[in-house]
file protein_11.cif (mmCIF, C-alpha atoms)
data_input
loop_
_atom_site.label_atom_id
_atom_site.label_comp_id
_atom_site.auth_asym_id
_atom_site.auth_seq_id
_atom_site.Cartn_x
_atom_site.Cartn_y
_atom_site.Cartn_z
CA MET A 466 -76.38 107.24 -48.93
CA LEU A 467 -74.54 107.70 -45.65
CA ALA A 468 -75.94 111.24 -45.48
CA GLN A 469 -79.40 109.67 -45.10
CA ILE A 470 -78.36 107.84 -41.90
CA PRO A 471 -78.93 109.68 -38.60
CA CYS A 472 -75.30 109.79 -37.54
CA GLU A 473 -75.60 112.66 -35.07
CA THR A 474 -78.22 111.19 -32.77
CA THR A 475 -78.50 109.76 -29.28
CA SER A 476 -76.57 106.58 -28.51
CA SER A 477 -79.81 104.60 -28.19
CA ALA A 478 -80.87 105.62 -31.73
CA LYS A 479 -77.55 104.93 -33.51
CA TYR A 480 -77.24 101.97 -35.85
CA SER A 481 -74.35 100.54 -33.81
CA LEU A 482 -73.05 100.81 -30.30
CA VAL A 483 -69.50 100.22 -31.52
CA ARG A 484 -69.24 101.76 -34.99
CA THR A 485 -70.01 105.24 -36.26
CA CYS A 486 -70.66 106.82 -39.63
CA ASP A 487 -66.98 107.83 -39.66
CA HIS A 488 -65.99 104.15 -39.39
CA CYS A 489 -68.29 103.36 -42.32
CA ALA A 490 -66.86 106.15 -44.48
CA ILE A 491 -63.28 105.05 -43.79
CA ALA A 492 -64.07 101.36 -44.46
CA TYR A 493 -65.79 102.23 -47.73
CA LYS A 494 -62.92 104.47 -48.85
CA GLU A 495 -60.32 101.76 -48.14
CA TRP A 496 -62.37 99.11 -49.99
CA LEU A 497 -63.08 101.43 -52.92
CA CYS A 498 -59.41 102.34 -53.36
CA ALA A 499 -58.32 98.68 -53.26
CA VAL A 500 -60.83 97.55 -55.88
CA THR A 501 -60.68 100.62 -58.13
CA ILE A 502 -56.91 100.98 -58.16
CA PRO A 503 -55.64 97.40 -58.17
CA ARG A 504 -52.05 96.44 -57.43
CA CYS A 505 -50.63 94.57 -60.37
CA THR A 506 -47.70 92.35 -61.10
CA ASP A 507 -46.07 90.89 -64.16
CA TRP A 508 -47.93 88.27 -66.17
CA THR A 509 -45.24 85.64 -65.63
CA TYR A 510 -45.50 85.75 -61.82
CA ALA A 511 -48.76 83.77 -61.43
CA SER A 512 -49.06 80.10 -60.68
CA PRO A 513 -51.94 77.96 -59.38
CA ASP A 514 -50.51 77.91 -55.85
CA GLN A 515 -50.81 81.71 -55.62
CA PRO A 516 -54.53 82.32 -54.94
CA TRP A 517 -53.93 85.99 -54.16
CA LEU A 518 -53.25 86.65 -57.86
CA GLN A 519 -55.98 86.92 -60.48
CA GLN A 520 -55.14 86.88 -64.17
CA ARG A 521 -56.73 89.80 -65.98
CA ASN A 522 -57.04 91.18 -69.49
CA MET A 523 -56.02 87.88 -71.09
CA LEU A 524 -57.60 88.54 -74.50
CA GLN A 525 -55.62 91.73 -75.06
CA ALA A 526 -52.25 91.99 -76.77
CA PHE A 527 -49.12 92.48 -74.71
CA PRO A 528 -47.79 96.06 -74.96
CA SER A 529 -45.27 97.07 -77.63
CA PRO A 530 -42.84 96.30 -79.14
CA ASN A 531 -44.22 92.99 -80.42
CA ASN A 532 -47.97 93.24 -79.55
CA SER A 533 -48.09 89.46 -79.21
CA MET A 534 -51.06 87.61 -77.73
CA ILE A 535 -51.27 84.75 -75.25
CA ASN A 536 -50.96 81.58 -77.28
CA ASP A 537 -52.05 79.00 -74.69
CA TYR A 538 -55.35 77.51 -75.91
CA ALA A 539 -56.52 76.47 -72.42
CA LEU A 540 -55.96 79.98 -71.02
CA LEU A 541 -57.77 81.59 -73.96
CA LYS A 542 -60.71 79.20 -73.60
CA ALA A 543 -60.95 80.01 -69.89
CA ALA A 544 -60.77 83.74 -70.65
CA ASN A 545 -63.62 83.47 -73.15
CA GLN A 546 -65.78 81.87 -70.45
CA SER A 547 -64.99 84.28 -67.61
CA SER A 548 -65.43 88.03 -67.49
CA PHE A 549 -62.90 88.08 -64.61
CA LEU A 550 -60.20 86.88 -67.01
CA ARG A 551 -61.26 88.83 -70.11
CA SER A 552 -60.85 92.32 -68.77
CA SER A 553 -59.59 94.43 -65.91
CA ARG A 554 -61.61 95.01 -62.76
CA ASN A 555 -61.76 98.69 -63.72
CA PRO A 556 -62.67 99.33 -67.40
CA THR A 557 -60.64 102.56 -67.40
CA ILE A 558 -57.48 100.46 -67.08
CA ASP A 559 -58.30 98.70 -70.35
CA SER A 560 -59.23 101.85 -72.25
CA ARG A 561 -56.56 104.26 -71.02
CA VAL A 562 -53.61 102.23 -69.73
CA GLN A 563 -53.99 99.25 -72.10
CA PRO A 564 -51.57 97.06 -70.12
CA GLY A 565 -52.17 93.80 -71.93
CA PRO A 566 -52.38 90.62 -69.82
CA TYR A 567 -51.33 91.03 -66.19
CA ASN A 568 -51.88 89.60 -62.71
CA GLU A 569 -53.85 91.54 -60.15
CA ILE A 570 -52.94 91.23 -56.48
CA LEU A 571 -56.45 90.75 -55.12
CA PRO A 572 -57.87 93.00 -52.40
CA CYS A 573 -57.95 91.56 -48.87
CA ASP A 574 -61.23 90.00 -47.79
CA ASP A 575 -61.05 91.99 -44.53
CA LEU A 576 -61.71 95.18 -46.51
CA CYS A 577 -65.11 93.81 -47.53
CA TYR A 578 -65.89 92.41 -44.08
CA ASN A 579 -64.99 95.77 -42.52
CA ILE A 580 -67.65 97.54 -44.62
CA VAL A 581 -70.31 95.05 -43.52
CA GLN A 582 -69.26 95.47 -39.88
CA SER A 583 -68.89 99.25 -40.00
CA CYS A 584 -71.85 100.39 -42.07
CA PRO A 585 -75.58 100.38 -41.36
CA ALA A 586 -77.33 97.18 -42.49
CA VAL A 587 -79.82 99.26 -44.47
CA MET A 588 -77.01 100.04 -46.91
CA GLY A 589 -77.07 96.38 -47.95
CA PHE A 590 -73.34 95.63 -48.10
CA THR A 591 -72.56 91.93 -48.38
CA CYS A 592 -69.42 89.94 -49.12
CA PRO A 593 -68.99 86.70 -51.03
CA THR A 594 -67.85 83.76 -48.95
CA PRO A 595 -64.61 81.83 -49.48
CA GLY A 596 -65.08 79.04 -51.99
CA GLN A 597 -67.57 80.96 -54.13
CA THR A 598 -66.32 81.88 -57.61
CA SER A 599 -67.06 85.55 -56.92
CA PHE A 600 -64.85 85.40 -53.80
CA ASN A 601 -61.99 83.43 -55.38
CA GLU A 602 -61.77 85.81 -58.34
CA SER A 603 -62.28 89.03 -56.38
CA TYR A 604 -60.63 88.69 -52.95
CA ALA A 605 -57.65 87.11 -51.25
CA VAL A 606 -57.65 85.79 -47.70
CA THR A 607 -56.03 88.37 -45.43
CA SER A 608 -54.54 85.78 -43.08
CA GLU A 609 -52.35 84.50 -45.92
CA GLY A 610 -50.63 87.90 -45.89
CA LYS A 611 -50.54 88.43 -49.64
CA CYS A 612 -53.27 90.79 -50.68
CA ASN A 613 -53.90 94.42 -51.57
CA TYR A 614 -54.87 96.83 -48.80
CA PRO A 615 -54.18 100.52 -48.23
CA GLY A 616 -50.57 100.93 -47.14
CA SER A 617 -49.41 97.50 -48.32
CA GLN A 618 -45.99 97.30 -49.84
CA GLY A 619 -46.92 94.51 -52.22
CA VAL A 620 -46.05 90.85 -52.18
CA SER A 621 -43.00 90.27 -50.01
CA SER A 622 -40.03 88.57 -51.54
CA ALA A 623 -37.93 85.74 -50.17
CA GLY A 624 -34.94 88.09 -50.16
CA THR A 625 -36.59 90.35 -47.60
CA ARG A 626 -37.53 87.43 -45.35
CA ILE A 627 -34.01 86.01 -45.49
CA GLY A 628 -32.55 89.41 -44.62
CA VAL A 629 -34.81 89.77 -41.58
CA GLN A 630 -34.02 86.23 -40.44
CA HIS A 631 -30.29 86.92 -40.69
CA LEU A 632 -30.72 90.17 -38.78
CA MET A 633 -32.68 88.45 -36.01
CA THR A 634 -30.07 85.68 -35.80
CA PHE A 635 -27.32 88.29 -35.54
CA ILE A 636 -29.20 90.16 -32.79
CA ALA A 637 -29.82 86.92 -30.87
CA LEU A 638 -26.16 85.89 -31.12
CA ALA A 639 -24.99 89.34 -30.08
CA ALA A 640 -27.32 89.30 -27.07
CA MET A 641 -26.15 85.84 -26.08
CA GLY A 642 -22.51 86.91 -26.43
CA TRP A 643 -23.15 89.97 -24.27
CA MET A 644 -24.67 87.79 -21.55
CA PHE A 645 -21.49 85.69 -21.33
CA ILE A 646 -19.07 88.63 -21.08
#
call {"tool": "encode", "arguments": {"input": "protein_11.cif", "output": "structure tokens"}}
result
Amino acid sequence: MLAQIPCETTSSAKYSLVRTCDHCAIAYKEWLCAVTIPRCTDWTYASPDQPWLQQRNMLQAFPSPNNSMINDYALLKAANQSSFLRSSRNPTIDSRVQPGPYNEILPCDDLCYNIVQSCPAVMGFTCPTPGQTSFNESYAVTSEGKCNYPGSQGVSSAGTRIGVQHLMTFIALAAMGWMFI
């Protein structure tokens, strides 16, 4: 579709004074990778206070050796009522990988907003808004710092934060000590 847009034209005829077709192609590629190849984490990691995680594939059996199923009635009832919970975002994951239940680290909302900002309006890209079911089950808020984007290293652990804090404290103390010598 981008090939139908007059990208190589005069500045007064372009669809944007700030963005180009290259910006659109990059934004689309980043969004597509984040939603097609989701980052995943163990089933046991999710809790209600972690909105950046979405439970997926809940009606499938856990992988070998025991092939057990989720036995929480409330979770199974919710999964039967929501396609977001019943299967993976990408059907190929269910058919080829067959991971069983897992938690998806949701893509960052900025990836969607970047497509809308970078691509011509005629392409019709839109994003759900926070609070809508389609947003809450498909995107995580970027400002919370726990979402999937190209180049992300995953959800940071407390151990990493503690290590950085200790390092910064050490550097500050060393600098203060140097000043008093």
call {"tool": "closest_residue", "arguments": {"input": "protein_11.cif", "among": "A:Gln469, A:Thr485, A:Gln597, A:Thr501", "to": "Pro615 (chain A)", "atoms": "only C-alpha atoms"}}
result
A:Thr501
call {"tool": "resolve_selection", "arguments": {"input": "protein_11.cif", "expression": "the PyMOL selection byres ((chain A and resi 567) around 10)", "output": "list in words"}}
result
Cys505, Thr506, Asp507, Trp508, Thr509, Tyr510, Ala511, Leu518, Gln519, Gln520, Arg521, Asn522, Met523, Gln525, Phe527, Leu550, Ser552, Ser553, Pro564, Gly565, Pro566, Asn568, Glu569 and Ile570 of chain A
call {"tool": "closest_residue", "arguments": {"input": "protein_11.cif", "among": "A:Gly589, A:Cys584, A:Asn601, A:Asn613", "to": "Ile502 (chain A)", "atoms": "only C-alpha atoms"}}
result
A:Asn613
call {"tool": "atom_distance", "arguments": {"input": "protein_11.cif", "atom1": "CA of Cys612 (chain A)", "atom2": "CA of Asp574 (chain A)"}}
result
8.5 Å
call {"tool": "closest_residue", "arguments": {"input": "protein_11.cif", "among": "A:Asn555, A:Ser608, A:Thr591, A:Gln582", "to": "Trp517 (chain A)", "atoms": "only C-alpha atoms"}}
result
A:Ser608
call {"tool": "build_atoms", "arguments": {"input": "protein_11.cif", "residues": "region 496-525 of chain A", "atoms": "N, CA and C atoms", "output": "PDB file, keeping the file's coordinate frame"}}
result
ATOM      1  N   TRP A 496     -61.913 100.153 -49.062  1.00  0.00           N
ATOM      2  CA  TRP A 496     -62.370  99.110 -49.990  1.00  0.00           C
ATOM      3  C   TRP A 496     -62.392  99.655 -51.417  1.00  0.00           C
ATOM      4  N   LEU A 497     -62.954 100.842 -51.594  1.00  0.00           N
ATOM      5  CA  LEU A 497     -63.080 101.430 -52.920  1.00  0.00           C
ATOM      6  C   LEU A 497     -61.709 101.646 -53.573  1.00  0.00           C
ATOM      7  N   CYS A 498     -60.764 102.137 -52.812  1.00  0.00           N
ATOM      8  CA  CYS A 498     -59.410 102.340 -53.360  1.00  0.00           C
ATOM      9  C   CYS A 498     -58.781 101.012 -53.773  1.00  0.00           C
ATOM     10  N   ALA A 499     -58.940  99.975 -52.963  1.00  0.00           N
ATOM     11  CA  ALA A 499     -58.320  98.680 -53.260  1.00  0.00           C
ATOM     12  C   ALA A 499     -58.934  98.012 -54.496  1.00  0.00           C
ATOM     13  N   VAL A 500     -60.225  98.201 -54.719  1.00  0.00           N
ATOM     14  CA  VAL A 500     -60.830  97.550 -55.880  1.00  0.00           C
ATOM     15  C   VAL A 500     -60.782  98.423 -57.132  1.00  0.00           C
ATOM     16  N   THR A 501     -60.718  99.732 -56.980  1.00  0.00           N
ATOM     17  CA  THR A 501     -60.680 100.620 -58.130  1.00  0.00           C
ATOM     18  C   THR A 501     -59.270 100.807 -58.675  1.00  0.00           C
ATOM     19  N   ILE A 502     -58.304 100.810 -57.771  1.00  0.00           N
ATOM     20  CA  ILE A 502     -56.910 100.980 -58.160  1.00  0.00           C
ATOM     21  C   ILE A 502     -56.156  99.714 -57.758  1.00  0.00           C
ATOM     22  N   PRO A 503     -56.248  98.674 -58.564  1.00  0.00           N
ATOM     23  CA  PRO A 503     -55.640  97.400 -58.170  1.00  0.00           C
ATOM     24  C   PRO A 503     -54.117  97.448 -58.210  1.00  0.00           C
ATOM     25  N   ARG A 504     -53.498  96.647 -57.362  1.00  0.00           N
ATOM     26  CA  ARG A 504     -52.050  96.440 -57.430  1.00  0.00           C
ATOM     27  C   ARG A 504     -51.836  95.343 -58.451  1.00  0.00           C
ATOM     28  N   CYS A 505     -50.861  95.513 -59.283  1.00  0.00           N
ATOM     29  CA  CYS A 505     -50.630  94.570 -60.370  1.00  0.00           C
ATOM     30  C   CYS A 505     -49.204  94.063 -60.340  1.00  0.00           C
ATOM     31  N   THR A 506     -49.024  92.916 -60.972  1.00  0.00           N
ATOM     32  CA  THR A 506     -47.700  92.350 -61.100  1.00  0.00           C
ATOM     33  C   THR A 506     -47.569  91.745 -62.492  1.00  0.00           C
ATOM     34  N   ASP A 507     -46.374  91.413 -62.846  1.00  0.00           N
ATOM     35  CA  ASP A 507     -46.070  90.890 -64.160  1.00  0.00           C
ATOM     36  C   ASP A 507     -46.863  89.631 -64.477  1.00  0.00           C
ATOM     37  N   TRP A 508     -47.174  89.430 -65.717  1.00  0.00           N
ATOM     38  CA  TRP A 508     -47.930  88.270 -66.170  1.00  0.00           C
ATOM     39  C   TRP A 508     -47.245  86.968 -65.811  1.00  0.00           C
ATOM     40  N   THR A 509     -45.950  86.900 -65.836  1.00  0.00           N
ATOM     41  CA  THR A 509     -45.240  85.640 -65.630  1.00  0.00           C
ATOM     42  C   THR A 509     -45.182  85.214 -64.169  1.00  0.00           C
ATOM     43  N   TYR A 510     -45.625  86.031 -63.250  1.00  0.00           N
ATOM     44  CA  TYR A 510     -45.500  85.750 -61.820  1.00  0.00           C
ATOM     45  C   TYR A 510     -46.522  84.746 -61.304  1.00  0.00           C
ATOM     46  N   ALA A 511     -47.661  84.586 -61.961  1.00  0.00           N
ATOM     47  CA  ALA A 511     -48.760  83.770 -61.430  1.00  0.00           C
ATOM     48  C   ALA A 511     -48.505  82.280 -61.573  1.00  0.00           C
ATOM     49  N   SER A 512     -49.016  81.543 -60.601  1.00  0.00           N
ATOM     50  CA  SER A 512     -49.060  80.100 -60.680  1.00  0.00           C
ATOM     51  C   SER A 512     -50.263  79.636 -59.864  1.00  0.00           C
ATOM     52  N   PRO A 513     -50.734  78.424 -60.076  1.00  0.00           N
ATOM     53  CA  PRO A 513     -51.940  77.960 -59.380  1.00  0.00           C
ATOM     54  C   PRO A 513     -51.841  77.978 -57.850  1.00  0.00           C
ATOM     55  N   ASP A 514     -50.646  77.900 -57.308  1.00  0.00           N
ATOM     56  CA  ASP A 514     -50.510  77.910 -55.850  1.00  0.00           C
ATOM     57  C   ASP A 514     -50.418  79.333 -55.279  1.00  0.00           C
ATOM     58  N   GLN A 515     -50.804  80.319 -56.061  1.00  0.00           N
ATOM     59  CA  GLN A 515     -50.810  81.710 -55.620  1.00  0.00           C
ATOM     60  C   GLN A 515     -52.228  82.277 -55.746  1.00  0.00           C
ATOM     61  N   PRO A 516     -53.128  81.909 -54.817  1.00  0.00           N
ATOM     62  CA  PRO A 516     -54.530  82.320 -54.940  1.00  0.00           C
ATOM     63  C   PRO A 516     -54.771  83.810 -54.748  1.00  0.00           C
ATOM     64  N   TRP A 517     -53.769  84.549 -54.331  1.00  0.00           N
ATOM     65  CA  TRP A 517     -53.930  85.990 -54.160  1.00  0.00           C
ATOM     66  C   TRP A 517     -53.749  86.741 -55.479  1.00  0.00           C
ATOM     67  N   LEU A 518     -53.397  86.034 -56.543  1.00  0.00           N
ATOM     68  CA  LEU A 518     -53.250  86.650 -57.860  1.00  0.00           C
ATOM     69  C   LEU A 518     -54.404  86.241 -58.764  1.00  0.00           C
ATOM     70  N   GLN A 519     -54.923  87.193 -59.510  1.00  0.00           N
ATOM     71  CA  GLN A 519     -55.980  86.920 -60.480  1.00  0.00           C
ATOM     72  C   GLN A 519     -55.513  87.391 -61.847  1.00  0.00           C
ATOM     73  N   GLN A 520     -55.518  86.493 -62.810  1.00  0.00           N
ATOM     74  CA  GLN A 520     -55.140  86.880 -64.170  1.00  0.00           C
ATOM     75  C   GLN A 520     -56.228  87.789 -64.731  1.00  0.00           C
ATOM     76  N   ARG A 521     -55.807  88.822 -65.406  1.00  0.00           N
ATOM     77  CA  ARG A 521     -56.730  89.800 -65.980  1.00  0.00           C
ATOM     78  C   ARG A 521     -56.308  90.132 -67.407  1.00  0.00           C
ATOM     79  N   ASN A 522     -57.297  90.596 -68.173  1.00  0.00           N
ATOM     80  CA  ASN A 522     -57.040  91.180 -69.490  1.00  0.00           C
ATOM     81  C   ASN A 522     -56.381  90.194 -70.461  1.00  0.00           C
ATOM     82  N   MET A 523     -56.732  88.933 -70.360  1.00  0.00           N
ATOM     83  CA  MET A 523     -56.020  87.880 -71.090  1.00  0.00           C
ATOM     84  C   MET A 523     -56.273  87.879 -72.603  1.00  0.00           C
ATOM     85  N   LEU A 524     -57.319  88.523 -73.062  1.00  0.00           N
ATOM     86  CA  LEU A 524     -57.600  88.540 -74.500  1.00  0.00           C
ATOM     87  C   LEU A 524     -56.979  89.728 -75.207  1.00  0.00           C
ATOM     88  N   GLN A 525     -56.272  90.561 -74.471  1.00  0.00           N
ATOM     89  CA  GLN A 525     -55.620  91.730 -75.060  1.00  0.00           C
ATOM     90  C   GLN A 525     -54.184  91.396 -75.454  1.00  0.00           C
TER      91      GLN A 525
END
